[in-house]
Amino acid sequence: MYHHFLADLASTGPILLVAALGVFVVVLDAFRNDDAAIPWIAGLGMAVAAGFQMLAIGEGRTAFDGQVFVGGPAAVANVIILIGAIASVALTVPYLSRIGRNYGEVHALILFATAGMMTLASAGSLVTLFVGLETMSVCLYVLTGLVREESTANESALKYFLLGAFSTGFFLYGLALLYGATGTMDLTGLAAGLEETGRNGLFLAGVGLLLVGFFFKVSAVPFHMWTPDVYQGAPTALTAFMSTASKAATFVALAVVLSRALPPELVGGTVQLVLVIVAAVTMVGGNVVALMQTNVKRMLAYSSVAHAGYILAGLAAGSAEGYGGALFYLLAYTLMNLGAFGVMGALEWDAEQGADQDLDSLAGIGYRKPFLGVAMGVFMFALTGFPPLAGFIGKYLVFAAAVRADLTWLAVLGVLASVVSGYYYLRVLVVMWMKSPDDAPENAKLAFPVSRGTGAVIVVCGIALLLLGILPSHIIDVTLAAFGADAVVAVAP
């Protein structure tokens, strides 16, 4: 391993750069408290890391004796994570400045969380998997409770921490059982280790506990109960970060475990059965409960739960096409959610980070702020899965993979769930464009200017969703090739 130390450092350079930037920001903030240059340093540094990561997209390899995957799905996932982090930094500066919380430490935490997410998505061993997951989680716990004076923020942070710690116990115990069953920590060596030991019962128990930990982090039913409270209580701009980048990292880590660590007969058998059941319940449960929400952030939280179900449907296919389709879906989902939360952050009028921001407060927004009204229309249609936006392509890819895996009923259920979701997504647009501005509460009529950073994120996300929907072939090739899938075969059901 040490003979290739410098080469391994170079291979993992983007992750190390983001982590080093976090340390640098902490030191800089100690001498120049809340300096205006800190967000620029964080954003530009992550943009450089994203550039280097794009160059690494291609055939996958390992670094540090198999502890870290480089290239392949790890590279694509890290680009998605960095897109979410950079956009979140741009959203947080005007948002947190408006509520008086634009601390330098916030951007340091975003950098550390991003480094943890990239480590999680690149994990080549059980130890690396756990280190990345916990680095990400601890930072998100702190960011959730950023506004300590608000009871909703404190409650959300406490719930997130307690349930997160509980799920970590399952995850860690699962890792211990997997090591006991195989005698190795390397993901690629688990299947071979199981053949040598023959401890199938112990291995199955470890896989089950590992899946519980993953299901919690991606907000799958019934492990989703923290999601609406955390989304509602956290600062809106930071909710955009935790709902996109962290989900991308966790889903890719799960896909890597399924595709590289577990025996194929297990992935196509017991594990597939579990994924199918959880995907079905998550799609239905998330959409049905979202129908009853009046708070916009809680509605988007249950929407996030439903989208986790769609992605799980792709993973349940157990094929390279399903994993690659899920990767494309994660890119589209990141753009959709960043834009939607960006709009909601710009429209936020209450003093509780949107905790009291209900649908009625959006009455007439389309006429008072047509830019935000039109942009929200794009994001709501994309989340529903309307063509020609990227959300439609993402759903097509994961459902097509499910059909090819003889899970047609699951794909049909996903399509029906998407139809149901159209009601609460389009309800937002009905309130924005078809209700009188006079119906909105007086506080909601405050004229918050849309900052350049927020406007830029909203415009870029909207244009990217349109381009990915009209000209998706190149990105589809990249995401499917990351898992070794044939793009021509994957697109045709």
# chains A, B, ... in the order shown; residues from 1 in each chain; ligands from 1

$ residues_around --residues "His107 of chain A" --least-positions-apart "4" --cutoff "8 Å" --atoms "only C-alpha atoms" --output "MDAnalysis selection string"
chainID A and resid 22 25 38:39 42 89 103 111

$ residues_around --residues "Leu389 of chain A" --least-positions-apart "6" --cutoff "7 Å" --atoms "only C-alpha atoms" --output "PyMOL selection string"
chain A and resi 382+465-466+468-469

$ write_last_selection --atoms "all heavy atoms" --output "PDB file, in the first residue's frame"
ATOM      1  N   ALA A 382     -41.379  18.788 -12.804  1.00  0.00           N
ATOM      2  CA  ALA A 382     -40.261  17.838 -12.847  1.00  0.00           C
ATOM      3  C   ALA A 382     -40.400  16.782 -11.765  1.00  0.00           C
ATOM      4  O   ALA A 382     -40.158  15.588 -12.004  1.00  0.00           O
ATOM      5  CB  ALA A 382     -38.936  18.587 -12.699  1.00  0.00           C
ATOM      6  N   LEU A 465     -32.575  20.925 -15.748  1.00  0.00           N
ATOM      7  CA  LEU A 465     -33.646  19.926 -15.801  1.00  0.00           C
ATOM      8  C   LEU A 465     -34.229  19.825 -17.206  1.00  0.00           C
ATOM      9  O   LEU A 465     -34.547  18.732 -17.678  1.00  0.00           O
ATOM     10  CB  LEU A 465     -34.748  20.296 -14.801  1.00  0.00           C
ATOM     11  CG  LEU A 465     -34.429  20.057 -13.326  1.00  0.00           C
ATOM     12  CD1 LEU A 465     -35.502  20.682 -12.448  1.00  0.00           C
ATOM     13  CD2 LEU A 465     -34.308  18.567 -13.035  1.00  0.00           C
ATOM     14  N   LEU A 466     -34.369  20.971 -17.869  1.00  0.00           N
ATOM     15  CA  LEU A 466     -34.898  20.961 -19.229  1.00  0.00           C
ATOM     16  C   LEU A 466     -33.923  20.304 -20.202  1.00  0.00           C
ATOM     17  O   LEU A 466     -34.308  19.461 -21.027  1.00  0.00           O
ATOM     18  CB  LEU A 466     -35.218  22.391 -19.663  1.00  0.00           C
ATOM     19  CG  LEU A 466     -35.877  22.560 -21.041  1.00  0.00           C
ATOM     20  CD1 LEU A 466     -37.210  21.812 -21.089  1.00  0.00           C
ATOM     21  CD2 LEU A 466     -36.084  24.034 -21.358  1.00  0.00           C
ATOM     22  N   LEU A 468     -31.488  18.170 -19.481  1.00  0.00           N
ATOM     23  CA  LEU A 468     -31.371  16.739 -19.192  1.00  0.00           C
ATOM     24  C   LEU A 468     -32.592  15.964 -19.679  1.00  0.00           C
ATOM     25  O   LEU A 468     -32.499  14.772 -19.970  1.00  0.00           O
ATOM     26  CB  LEU A 468     -31.192  16.519 -17.688  1.00  0.00           C
ATOM     27  CG  LEU A 468     -29.798  16.764 -17.114  1.00  0.00           C
ATOM     28  CD1 LEU A 468     -29.818  16.599 -15.601  1.00  0.00           C
ATOM     29  CD2 LEU A 468     -28.794  15.798 -17.725  1.00  0.00           C
ATOM     30  N   GLY A 469     -33.733  16.642 -19.747  1.00  0.00           N
ATOM     31  CA  GLY A 469     -34.930  15.979 -20.252  1.00  0.00           C
ATOM     32  C   GLY A 469     -34.961  15.885 -21.756  1.00  0.00           C
ATOM     33  O   GLY A 469     -35.441  14.899 -22.321  1.00  0.00           O
TER      34      GLY A 469
END

$ residues_around --residues "segment 74-80 of chain A" --least-positions-apart "5" --cutoff "8 Å" --atoms "only C-alpha atoms" --output "PDB file with N, CA, C and O atoms, in the first residue's frame"
ATOM      1  N   ALA A  50     -14.919  19.379  -7.861  1.00  0.00           N
ATOM      2  CA  ALA A  50     -15.844  18.793  -8.834  1.00  0.00           C
ATOM      3  C   ALA A  50     -15.189  18.646 -10.201  1.00  0.00           C
ATOM      4  O   ALA A  50     -15.395  17.653 -10.906  1.00  0.00           O
ATOM      5  N   GLN A  53     -12.959  15.739 -10.082  1.00  0.00           N
ATOM      6  CA  GLN A  53     -13.746  14.509 -10.009  1.00  0.00           C
ATOM      7  C   GLN A  53     -14.329  14.139 -11.358  1.00  0.00           C
ATOM      8  O   GLN A  53     -14.447  12.959 -11.701  1.00  0.00           O
ATOM      9  N   MET A  54     -14.691  15.142 -12.150  1.00  0.00           N
ATOM     10  CA  MET A  54     -15.197  14.865 -13.502  1.00  0.00           C
ATOM     11  C   MET A  54     -14.130  14.202 -14.357  1.00  0.00           C
ATOM     12  O   MET A  54     -14.428  13.334 -15.184  1.00  0.00           O
ATOM     13  N   ALA A  56     -12.026  12.170 -13.337  1.00  0.00           N
ATOM     14  CA  ALA A  56     -11.836  10.791 -12.860  1.00  0.00           C
ATOM     15  C   ALA A  56     -12.951   9.857 -13.291  1.00  0.00           C
ATOM     16  O   ALA A  56     -12.881   8.651 -13.047  1.00  0.00           O
ATOM     17  N   ILE A  57     -14.028  10.433 -13.915  1.00  0.00           N
ATOM     18  CA  ILE A  57     -15.132   9.574 -14.353  1.00  0.00           C
ATOM     19  C   ILE A  57     -14.634   8.626 -15.435  1.00  0.00           C
ATOM     20  O   ILE A  57     -14.045   9.033 -16.417  1.00  0.00           O
ATOM     21  N   PHE A  69     -12.959   3.505  -3.341  1.00  0.00           N
ATOM     22  CA  PHE A  69     -13.167   3.346  -4.778  1.00  0.00           C
ATOM     23  C   PHE A  69     -12.937   4.680  -5.467  1.00  0.00           C
ATOM     24  O   PHE A  69     -13.355   5.736  -4.966  1.00  0.00           O
ATOM     25  N   MET A 117     -19.798  12.753   2.930  1.00  0.00           N
ATOM     26  CA  MET A 117     -20.649  12.177   1.881  1.00  0.00           C
ATOM     27  C   MET A 117     -19.810  11.577   0.761  1.00  0.00           C
ATOM     28  O   MET A 117     -20.119  10.486   0.255  1.00  0.00           O
ATOM     29  N   MET A 118     -18.761  12.284   0.356  1.00  0.00           N
ATOM     30  CA  MET A 118     -17.899  11.770  -0.709  1.00  0.00           C
ATOM     31  C   MET A 118     -17.176  10.500  -0.261  1.00  0.00           C
ATOM     32  O   MET A 118     -17.001   9.558  -1.040  1.00  0.00           O
ATOM     33  N   ALA A 121     -19.783   7.676  -0.407  1.00  0.00           N
ATOM     34  CA  ALA A 121     -20.049   7.232  -1.767  1.00  0.00           C
ATOM     35  C   ALA A 121     -18.862   6.493  -2.378  1.00  0.00           C
ATOM     36  O   ALA A 121     -19.038   5.702  -3.304  1.00  0.00           O
ATOM     37  N   SER A 122     -17.652   6.747  -1.849  1.00  0.00           N
ATOM     38  CA  SER A 122     -16.436   6.119  -2.394  1.00  0.00           C
ATOM     39  C   SER A 122     -15.954   4.949  -1.557  1.00  0.00           C
ATOM     40  O   SER A 122     -14.881   4.394  -1.836  1.00  0.00           O
ATOM     41  N   ALA A 245     -27.731  16.125  -1.278  1.00  0.00           N
ATOM     42  CA  ALA A 245     -26.377  15.560  -1.276  1.00  0.00           C
ATOM     43  C   ALA A 245     -26.288  14.319  -0.399  1.00  0.00           C
ATOM     44  O   ALA A 245     -25.682  13.310  -0.788  1.00  0.00           O
ATOM     45  N   ALA A 248     -27.979  11.354  -2.104  1.00  0.00           N
ATOM     46  CA  ALA A 248     -27.173  10.838  -3.212  1.00  0.00           C
ATOM     47  C   ALA A 248     -26.047   9.957  -2.695  1.00  0.00           C
ATOM     48  O   ALA A 248     -25.795   8.861  -3.214  1.00  0.00           O
ATOM     49  N   ALA A 249     -25.350  10.427  -1.654  1.00  0.00           N
ATOM     50  CA  ALA A 249     -24.226   9.664  -1.102  1.00  0.00           C
ATOM     51  C   ALA A 249     -24.690   8.319  -0.557  1.00  0.00           C
ATOM     52  O   ALA A 249     -24.067   7.274  -0.812  1.00  0.00           O
ATOM     53  N   VAL A 252     -25.909   5.814  -3.373  1.00  0.00           N
ATOM     54  CA  VAL A 252     -24.807   5.255  -4.152  1.00  0.00           C
ATOM     55  C   VAL A 252     -24.040   4.240  -3.313  1.00  0.00           C
ATOM     56  O   VAL A 252     -23.634   3.179  -3.815  1.00  0.00           O
ATOM     57  N   LEU A 327     -28.745   6.288 -10.432  1.00  0.00           N
ATOM     58  CA  LEU A 327     -27.736   7.340 -10.395  1.00  0.00           C
ATOM     59  C   LEU A 327     -28.198   8.557 -11.195  1.00  0.00           C
ATOM     60  O   LEU A 327     -28.038   9.701 -10.757  1.00  0.00           O
ATOM     61  N   LEU A 330     -30.854  10.333  -9.220  1.00  0.00           N
ATOM     62  CA  LEU A 330     -30.314  11.138  -8.128  1.00  0.00           C
ATOM     63  C   LEU A 330     -29.849  12.504  -8.617  1.00  0.00           C
ATOM     64  O   LEU A 330     -30.002  13.514  -7.917  1.00  0.00           O
ATOM     65  N   LEU A 331     -29.269  12.564  -9.819  1.00  0.00           N
ATOM     66  CA  LEU A 331     -28.875  13.846 -10.377  1.00  0.00           C
ATOM     67  C   LEU A 331     -30.093  14.726 -10.623  1.00  0.00           C
ATOM     68  O   LEU A 331     -30.117  15.909 -10.247  1.00  0.00           O
ATOM     69  N   THR A 334     -31.614  15.866  -7.317  1.00  0.00           N
ATOM     70  CA  THR A 334     -30.825  16.922  -6.693  1.00  0.00           C
ATOM     71  C   THR A 334     -31.180  18.279  -7.284  1.00  0.00           C
ATOM     72  O   THR A 334     -31.390  19.260  -6.549  1.00  0.00           O
ATOM     73  N   VAL A 478     -23.105   8.067 -19.186  1.00  0.00           N
ATOM     74  CA  VAL A 478     -22.132   8.158 -18.092  1.00  0.00           C
ATOM     75  C   VAL A 478     -22.630   7.414 -16.860  1.00  0.00           C
ATOM     76  O   VAL A 478     -21.891   6.630 -16.247  1.00  0.00           O
ATOM     77  N   THR A 479     -23.890   7.629 -16.481  1.00  0.00           N
ATOM     78  CA  THR A 479     -24.412   7.004 -15.261  1.00  0.00           C
ATOM     79  C   THR A 479     -24.545   5.491 -15.410  1.00  0.00           C
ATOM     80  O   THR A 479     -24.268   4.739 -14.467  1.00  0.00           O
ATOM     81  N   ALA A 482     -21.149   3.745 -15.448  1.00  0.00           N
ATOM     82  CA  ALA A 482     -20.513   3.702 -14.129  1.00  0.00           C
ATOM     83  C   ALA A 482     -20.683   2.339 -13.480  1.00  0.00           C
ATOM     84  O   ALA A 482     -19.811   1.874 -12.732  1.00  0.00           O
TER      85      ALA A 482
END

$ select_by_dssp --residues "segment 81-326 of chain A" --states "strand (DSSP E or B)" --output "PDB file with N, CA, C and O atoms, in the first residue's frame"
ATOM      1  N   ALA A 123     -16.710   4.579  -0.536  1.00  0.00           N
ATOM      2  CA  ALA A 123     -16.237   3.578   0.424  1.00  0.00           C
ATOM      3  C   ALA A 123     -15.974   2.239  -0.245  1.00  0.00           C
ATOM      4  O   ALA A 123     -16.812   1.715  -0.978  1.00  0.00           O
ATOM      5  N   SER A 125     -14.593  -0.264   1.890  1.00  0.00           N
ATOM      6  CA  SER A 125     -14.566  -1.194   3.020  1.00  0.00           C
ATOM      7  C   SER A 125     -15.635  -0.802   4.021  1.00  0.00           C
ATOM      8  O   SER A 125     -16.183   0.308   3.979  1.00  0.00           O
ATOM      9  N   ASP A 186     -13.206  -5.607   3.608  1.00  0.00           N
ATOM     10  CA  ASP A 186     -13.272  -5.137   2.227  1.00  0.00           C
ATOM     11  C   ASP A 186     -14.606  -5.525   1.595  1.00  0.00           C
ATOM     12  O   ASP A 186     -15.010  -6.690   1.670  1.00  0.00           O
ATOM     13  N   ASN A 295     -48.406  22.295   5.365  1.00  0.00           N
ATOM     14  CA  ASN A 295     -47.121  22.970   5.441  1.00  0.00           C
ATOM     15  C   ASN A 295     -46.268  22.554   4.249  1.00  0.00           C
ATOM     16  O   ASN A 295     -46.118  21.357   3.968  1.00  0.00           O
TER      17      ASN A 295
END

$ residues_around --residues "segment 130-139 of chain A" --least-positions-apart "3" --cutoff "6 Å" --atoms "only C-alpha atoms" --output "list in words"
Leu109, Ala113, Gly116, Met117, Thr119, Leu120, Val127 and Val142 of chain A

$ write_last_selection --atoms "N, CA, C and O atoms" --output "short mmCIF file (atom, residue, chain, number, x, y, z; two decimals), in the first residue's frame"
data_model
loop_
_atom_site.label_atom_id
_atom_site.label_comp_id
_atom_site.auth_asym_id
_atom_site.auth_seq_id
_atom_site.Cartn_x
_atom_site.Cartn_y
_atom_site.Cartn_z
N LEU A 109 -18.99 23.39 8.36
CA LEU A 109 -19.78 22.16 8.56
C LEU A 109 -20.26 21.59 7.23
O LEU A 109 -20.31 20.37 7.05
N ALA A 113 -19.32 17.94 6.08
CA ALA A 113 -20.39 17.02 5.71
C ALA A 113 -20.20 16.51 4.28
O ALA A 113 -20.40 15.32 4.00
N GLY A 116 -17.56 13.91 4.19
CA GLY A 116 -18.11 12.65 4.68
C GLY A 116 -18.98 11.96 3.64
O GLY A 116 -18.92 10.74 3.48
N MET A 117 -19.80 12.75 2.93
CA MET A 117 -20.65 12.18 1.88
C MET A 117 -19.81 11.58 0.76
O MET A 117 -20.12 10.49 0.25
N THR A 119 -16.78 10.47 1.01
CA THR A 119 -16.15 9.26 1.55
C THR A 119 -17.13 8.10 1.56
O THR A 119 -16.79 6.96 1.21
N LEU A 120 -18.37 8.38 1.95
CA LEU A 120 -19.41 7.35 1.98
C LEU A 120 -19.66 6.79 0.58
O LEU A 120 -19.73 5.58 0.38
N VAL A 127 -15.22 -0.20 7.14
CA VAL A 127 -14.73 0.88 8.01
C VAL A 127 -14.91 2.23 7.33
O VAL A 127 -15.40 3.19 7.94
N VAL A 142 -25.84 19.05 13.64
CA VAL A 142 -25.54 20.41 14.10
C VAL A 142 -26.22 21.44 13.22
O VAL A 142 -26.80 22.42 13.71
#

$ closest_residue --among "A:Ala85, A:Leu28, A:Ala37, A:Val378" --to "Thr244 of chain A" --atoms "only C-alpha atoms"
A:Ala85

$ closest_residue --among "A:Gly285, A:Gly339, A:Gly373, A:Gly189" --to "Val457 of chain A" --atoms "only C-alpha atoms"
A:Gly339

$ select_by_dssp --residues "segment 397-491 of chain A" --states "alpha helix (DSSP H)" --output "PyMOL selection string"
chain A and resi 397-404+408-434+452-470+473-482+487-491

$ write_last_selection --atoms "C-alpha atoms" --output "PDB file, in the first residue's frame"
ATOM      1  CA  LEU A 397     -35.001   4.529 -16.328  1.00  0.00           C
ATOM      2  CA  VAL A 398     -35.708   3.068 -12.879  1.00  0.00           C
ATOM      3  CA  PHE A 399     -39.133   1.712 -13.841  1.00  0.00           C
ATOM      4  CA  ALA A 400     -37.782   0.241 -17.099  1.00  0.00           C
ATOM      5  CA  ALA A 401     -35.112  -1.582 -15.086  1.00  0.00           C
ATOM      6  CA  ALA A 402     -37.816  -2.921 -12.761  1.00  0.00           C
ATOM      7  CA  VAL A 403     -39.837  -4.189 -15.746  1.00  0.00           C
ATOM      8  CA  ARG A 404     -36.811  -6.012 -17.152  1.00  0.00           C
ATOM      9  CA  THR A 408     -43.708  -5.024 -13.668  1.00  0.00           C
ATOM     10  CA  TRP A 409     -46.216  -4.667 -10.862  1.00  0.00           C
ATOM     11  CA  LEU A 410     -43.741  -2.524  -8.909  1.00  0.00           C
ATOM     12  CA  ALA A 411     -43.197  -0.265 -11.924  1.00  0.00           C
ATOM     13  CA  VAL A 412     -46.976   0.066 -12.413  1.00  0.00           C
ATOM     14  CA  LEU A 413     -47.353   0.927  -8.724  1.00  0.00           C
ATOM     15  CA  GLY A 414     -44.639   3.561  -9.115  1.00  0.00           C
ATOM     16  CA  VAL A 415     -46.421   5.109 -12.098  1.00  0.00           C
ATOM     17  CA  LEU A 416     -49.721   5.192 -10.185  1.00  0.00           C
ATOM     18  CA  ALA A 417     -47.972   6.745  -7.181  1.00  0.00           C
ATOM     19  CA  SER A 418     -46.530   9.407  -9.495  1.00  0.00           C
ATOM     20  CA  VAL A 419     -50.027  10.176 -10.747  1.00  0.00           C
ATOM     21  CA  VAL A 420     -51.167  10.648  -7.151  1.00  0.00           C
ATOM     22  CA  SER A 421     -48.214  12.949  -6.481  1.00  0.00           C
ATOM     23  CA  GLY A 422     -49.419  15.219  -9.260  1.00  0.00           C
ATOM     24  CA  TYR A 423     -52.272  16.330  -7.010  1.00  0.00           C
ATOM     25  CA  TYR A 424     -50.171  17.864  -4.254  1.00  0.00           C
ATOM     26  CA  TYR A 425     -47.454  19.179  -6.591  1.00  0.00           C
ATOM     27  CA  LEU A 426     -49.972  20.889  -8.870  1.00  0.00           C
ATOM     28  CA  ARG A 427     -51.917  22.136  -5.854  1.00  0.00           C
ATOM     29  CA  VAL A 428     -48.925  24.375  -5.121  1.00  0.00           C
ATOM     30  CA  LEU A 429     -49.232  25.898  -8.587  1.00  0.00           C
ATOM     31  CA  VAL A 430     -52.994  26.303  -8.240  1.00  0.00           C
ATOM     32  CA  VAL A 431     -52.479  28.342  -5.076  1.00  0.00           C
ATOM     33  CA  MET A 432     -49.675  30.371  -6.663  1.00  0.00           C
ATOM     34  CA  TRP A 433     -51.491  31.223  -9.884  1.00  0.00           C
ATOM     35  CA  MET A 434     -55.228  30.794  -9.312  1.00  0.00           C
ATOM     36  CA  ARG A 452     -28.319  36.972  -7.215  1.00  0.00           C
ATOM     37  CA  GLY A 453     -27.055  33.740  -5.686  1.00  0.00           C
ATOM     38  CA  THR A 454     -30.542  32.346  -5.129  1.00  0.00           C
ATOM     39  CA  GLY A 455     -31.695  33.462  -8.557  1.00  0.00           C
ATOM     40  CA  ALA A 456     -28.656  31.898 -10.208  1.00  0.00           C
ATOM     41  CA  VAL A 457     -29.243  28.530  -8.483  1.00  0.00           C
ATOM     42  CA  ILE A 458     -32.927  28.538  -9.457  1.00  0.00           C
ATOM     43  CA  VAL A 459     -32.186  29.419 -13.094  1.00  0.00           C
ATOM     44  CA  VAL A 460     -29.355  26.886 -13.450  1.00  0.00           C
ATOM     45  CA  CYS A 461     -31.442  24.094 -11.902  1.00  0.00           C
ATOM     46  CA  GLY A 462     -34.403  24.876 -14.149  1.00  0.00           C
ATOM     47  CA  ILE A 463     -32.328  24.991 -17.335  1.00  0.00           C
ATOM     48  CA  ALA A 464     -30.402  21.840 -16.373  1.00  0.00           C
ATOM     49  CA  LEU A 465     -33.646  19.926 -15.801  1.00  0.00           C
ATOM     50  CA  LEU A 466     -34.898  20.961 -19.229  1.00  0.00           C
ATOM     51  CA  LEU A 467     -31.644  20.086 -20.986  1.00  0.00           C
ATOM     52  CA  LEU A 468     -31.371  16.739 -19.192  1.00  0.00           C
ATOM     53  CA  GLY A 469     -34.930  15.979 -20.252  1.00  0.00           C
ATOM     54  CA  ILE A 470     -34.447  16.926 -23.906  1.00  0.00           C
ATOM     55  CA  SER A 473     -28.244  10.586 -23.817  1.00  0.00           C
ATOM     56  CA  HIS A 474     -24.722  11.632 -22.804  1.00  0.00           C
ATOM     57  CA  ILE A 475     -25.476  11.749 -19.076  1.00  0.00           C
ATOM     58  CA  ILE A 476     -27.391   8.467 -19.324  1.00  0.00           C
ATOM     59  CA  ASP A 477     -24.325   6.926 -20.954  1.00  0.00           C
ATOM     60  CA  VAL A 478     -22.132   8.158 -18.092  1.00  0.00           C
ATOM     61  CA  THR A 479     -24.412   7.004 -15.261  1.00  0.00           C
ATOM     62  CA  LEU A 480     -25.113   3.604 -16.781  1.00  0.00           C
ATOM     63  CA  ALA A 481     -21.494   3.011 -17.746  1.00  0.00           C
ATOM     64  CA  ALA A 482     -20.513   3.702 -14.129  1.00  0.00           C
ATOM     65  CA  ALA A 487     -27.005   2.298 -22.467  1.00  0.00           C
ATOM     66  CA  VAL A 488     -28.894   1.021 -25.526  1.00  0.00           C
ATOM     67  CA  VAL A 489     -30.199  -1.981 -23.614  1.00  0.00           C
ATOM     68  CA  ALA A 490     -30.988   0.067 -20.514  1.00  0.00           C
ATOM     69  CA  VAL A 491     -33.147   2.656 -22.230  1.00  0.00           C
TER      70      VAL A 491
END

$ residues_around --residues "segment 152-159 of chain A" --least-positions-apart "5" --cutoff "8 Å" --atoms "only C-alpha atoms" --output "VMD selection string"
chain A and resid 141 to 142 144 to 147 226 229 to 230 232 to 234 352 355

$ write_last_selection --atoms "C-alpha atoms" --output "compact mmCIF listing (two decimals), in the first residue's frame"
# COMPACT_ATOMS: atom_id res chain seq x y z
CA TYR A 141 -27.26 17.12 13.27
CA VAL A 142 -25.54 20.41 14.10
CA THR A 144 -30.38 21.16 11.74
CA GLY A 145 -30.30 22.91 15.13
CA LEU A 146 -28.47 26.00 13.89
CA VAL A 147 -31.13 28.43 15.16
CA TRP A 226 -37.56 11.87 11.44
CA ASP A 229 -39.81 17.17 11.50
CA VAL A 230 -36.20 17.74 10.42
CA GLN A 232 -39.68 21.54 8.76
CA GLY A 233 -37.44 22.71 11.60
CA ALA A 234 -34.10 23.12 9.83
CA GLU A 352 -39.30 29.97 12.18
CA ALA A 355 -42.15 25.92 10.04
